[in-house]
Amino acid sequence: MIKRLWAVGFMALCLGLAWYQPASAHVLIRDSSGSIGAVLHVVPDDDPIAGQPSDLYFDIQTSAISKDSAGLTITNLATDKTDTVPVEVAGSGVGAQYTFASQGTYRLSLTIESDKTYQFSYAQRVSRGVTGSALDKPTYPLAQAGLVFGGIGLLMIGIVRVNRRKDIRRQSTF
Amino acid sequence: MNKPQYHLTYNARFYVLASSLSLSVVTASYLRLNIAGDQLYYIRLQQVFGLLCLLYWYAALIISPLGYVLGKARLKRLEFSRRAIGVSAAYFAVLHVGVALWGQLGGLDEIALLPTLFKWSLGLGAAALLILLLMAVTSFDAVVRFMTFKRWKWLHRLVYIGLILVVLHVWMIGTHLEYMSVRWLAFAMLALLSGLETIRVYKRAKGRLFDFNKSETIIIFATIWATIVIVIASMPAFVQSYHARHDGGHAVSEARHD
């Protein structure tokens, strides 16, 4: 019974990790004066796909924003081409839809005009979809070593656990 | 059966803790090698650590009530590992918080800039973490002896309050609850846990506080369980979720572009 439970638990963990769907998430950005914050939410998966439309949603840390007080521009840092993007304002949220033309890094600049002017800026990396400007591919030797040693560690733990199962069974009781 | 001379590698808890440590290194390294952008890396890393924390926490919670249904003897070794599973949950919770605060947000000061709903959710998560850490630091045999088992047991019942807090925390800002499949899975897991806990509480109280016949027992069990399940299912009506807000925003955005 216990073996079955372990097997079911292990399978559930594997399935859970395999089934893991990267969803949209949140990025906190400050305005240029550092006085208020905004949470940026990008669909799909906080990881836009070049050539396909992405939804951008800013949740500003203010009570409400009036219509026509928000402006969004997106600049491709490789080509310096800037697009003004139409926005929709609802409460303290600003939504927009934009298609990133190619992979690369883009500067999102949001301006809010209320009692004072707030400027939010965020560098969005687009690393999926249509290839345009080449993105740098950084290497992480520490992560490579971590993956190797962590993997070996898990394997060794498993082997020792199986080898000593009888002693463990005797020792691991109340 | 005589117990062999104590050795760390004969203790099942050691394997749970060591594998958790290795799993965290593998997770962090694997994601780093596969995600180029730093911000996205921190987001995914805190999500995976949060998921692992929930899985370990759930496993630690369900072992005991499962023992009442399947038989304590069958699960005695799993029950022995339970404390280590709980400590692993606390370990992943600390990693989740560390990555979210210092990686994704950029420091404690940044919390002040978050929208109110996020602050509430982080506050609930912090309280849940505090409870989980309290459980972890009191999970040693020496502490149990020092506190006496009865007091220790009472202290560890705080874990159920922690679970409620963490469910609210996840519901308010957890990103994967956007998916209906994940919502249904989470609901089914909570319903299963509450059902098993109801059986356990009933079995412990039976004979001491009351004694009902079979049909009365079934009716009482069904009523209590249904009430708990309805409370869980009605949570979206009472607790605001961040997704509900921005889903509305996207709907506006999509309508404009149609």
# chains A, B, ... in the order shown; residues from 1 in each chain; ligands from 1

$ interface_residues --of "chain B" --to "chain A" --cutoff "7 Å" --atoms "only C-alpha atoms" --output "tab-separated table (two decimals) with C-alpha atoms, in the first residue's frame"
chain	number	residue	atom	x	y	z
B	3	LYS	CA	15.94	-0.96	15.32
B	4	PRO	CA	19.50	-0.75	13.94
B	10	TYR	CA	18.68	5.14	7.70
B	11	ASN	CA	16.23	7.94	8.42
B	12	ALA	CA	13.51	8.41	5.76
B	15	TYR	CA	15.87	11.61	1.98
B	19	SER	CA	15.78	15.54	-2.33
B	22	SER	CA	18.46	19.02	-4.81
B	23	LEU	CA	15.09	19.66	-6.46
B	25	VAL	CA	18.85	23.55	-7.23
B	26	VAL	CA	17.71	21.63	-10.33
B	29	SER	CA	19.27	25.95	-12.75
B	30	TYR	CA	16.92	24.48	-15.35
B	32	ARG	CA	17.87	29.87	-15.65
B	33	LEU	CA	19.20	27.95	-18.65
B	36	ALA	CA	16.86	34.39	-21.02
B	37	GLY	CA	15.01	37.40	-19.58
B	43	ILE	CA	8.41	35.12	-12.27
B	74	ARG	CA	-0.40	1.04	6.36
B	75	LEU	CA	0.75	4.64	6.41
B	76	LYS	CA	3.03	4.58	9.44
B	77	ARG	CA	6.23	5.09	7.43
B	80	PHE	CA	7.06	9.23	9.90
B	104	GLN	CA	10.58	39.88	-8.97
B	105	LEU	CA	9.73	42.99	-6.94
B	113	LEU	CA	3.98	50.60	-4.42
B	114	LEU	CA	1.72	47.63	-5.03
B	115	PRO	CA	-2.05	47.92	-5.48
B	175	THR	CA	-1.86	33.55	-11.78
B	176	HIS	CA	-2.69	29.97	-12.68
B	249	GLY	CA	-9.76	44.98	-18.92
B	250	HIS	CA	-8.83	42.51	-21.61
B	253	SER	CA	-9.43	45.72	-25.08

$ residues_around --residues "Ser64 (chain B)" --least-positions-apart "2" --cutoff "9 Å" --atoms "only C-alpha atoms" --output "list of chain:residue names"
B:Ala60, B:Leu61, B:Ile62, B:Leu66, B:Gly67, B:Tyr68, B:Lys72, B:Leu75, B:Glu79, B:Arg82, B:Glu197, B:Arg200

$ write_last_selection --atoms "C-alpha atoms" --output "short mmCIF file (atom, residue, chain, number, x, y, z; two decimals), in the first residue's frame"
data_model
loop_
_atom_site.label_atom_id
_atom_site.label_comp_id
_atom_site.auth_asym_id
_atom_site.auth_seq_id
_atom_site.Cartn_x
_atom_site.Cartn_y
_atom_site.Cartn_z
CA ALA B 60 1.88 16.75 4.68
CA LEU B 61 -1.73 17.61 5.50
CA ILE B 62 -3.44 14.70 3.77
CA LEU B 66 -5.72 9.39 4.94
CA GLY B 67 -4.37 7.12 7.68
CA TYR B 68 -7.78 7.16 9.38
CA LYS B 72 -2.76 3.88 10.40
CA LEU B 75 0.75 4.64 6.41
CA GLU B 79 3.50 9.42 8.58
CA ARG B 82 5.42 13.79 7.38
CA GLU B 197 -10.54 15.66 7.71
CA ARG B 200 -10.93 11.95 10.98
#

$ residues_around --residues "region 240-243 of chain B" --least-positions-apart "6" --cutoff "9 Å" --atoms "only C-alpha atoms" --output "list in words"
Leu117, Phe118, Trp171, Met172, Ile173, Gly174, Thr175, Leu177 and Glu178 of chain B

$ write_last_selection --atoms "N, CA and C atoms" --output "short mmCIF file (atom, residue, chain, number, x, y, z; two decimals), in the first residue's frame"
data_model
loop_
_atom_site.label_atom_id
_atom_site.label_comp_id
_atom_site.auth_asym_id
_atom_site.auth_seq_id
_atom_site.Cartn_x
_atom_site.Cartn_y
_atom_site.Cartn_z
N LEU B 117 -4.95 45.29 -3.33
CA LEU B 117 -5.28 43.85 -3.34
C LEU B 117 -4.01 43.00 -3.19
N PHE B 118 -2.95 43.43 -3.83
CA PHE B 118 -1.67 42.72 -3.73
C PHE B 118 -1.14 42.78 -2.30
N TRP B 171 -5.70 32.56 -4.20
CA TRP B 171 -6.90 32.97 -4.93
C TRP B 171 -6.81 34.44 -5.35
N MET B 172 -6.30 35.29 -4.47
CA MET B 172 -6.29 36.73 -4.76
C MET B 172 -5.33 37.11 -5.89
N ILE B 173 -4.12 36.52 -5.91
CA ILE B 173 -3.17 36.94 -6.96
C ILE B 173 -2.51 35.77 -7.71
N GLY B 174 -2.84 34.55 -7.34
CA GLY B 174 -2.22 33.40 -8.02
C GLY B 174 -2.60 33.39 -9.49
N THR B 175 -1.60 33.35 -10.35
CA THR B 175 -1.86 33.55 -11.78
C THR B 175 -2.50 32.34 -12.46
N LEU B 177 -4.77 30.41 -11.53
CA LEU B 177 -6.21 30.20 -11.32
C LEU B 177 -7.04 30.84 -12.43
N GLU B 178 -6.36 31.46 -13.39
CA GLU B 178 -7.06 31.93 -14.59
C GLU B 178 -7.62 30.76 -15.37
#

$ atom_distance --atom1 "CA of Ser109 (chain A)" --atom2 "CA of Lys81 (chain A)"
13.2 Å

$ residues_around --residues "Leu196 (chain B)" --least-positions-apart "5" --cutoff "12 Å" --atoms "only C-alpha atoms" --output "PyMOL selection string"
chain B and resi 61-70+189-191+201-203+221-222+224-225+228
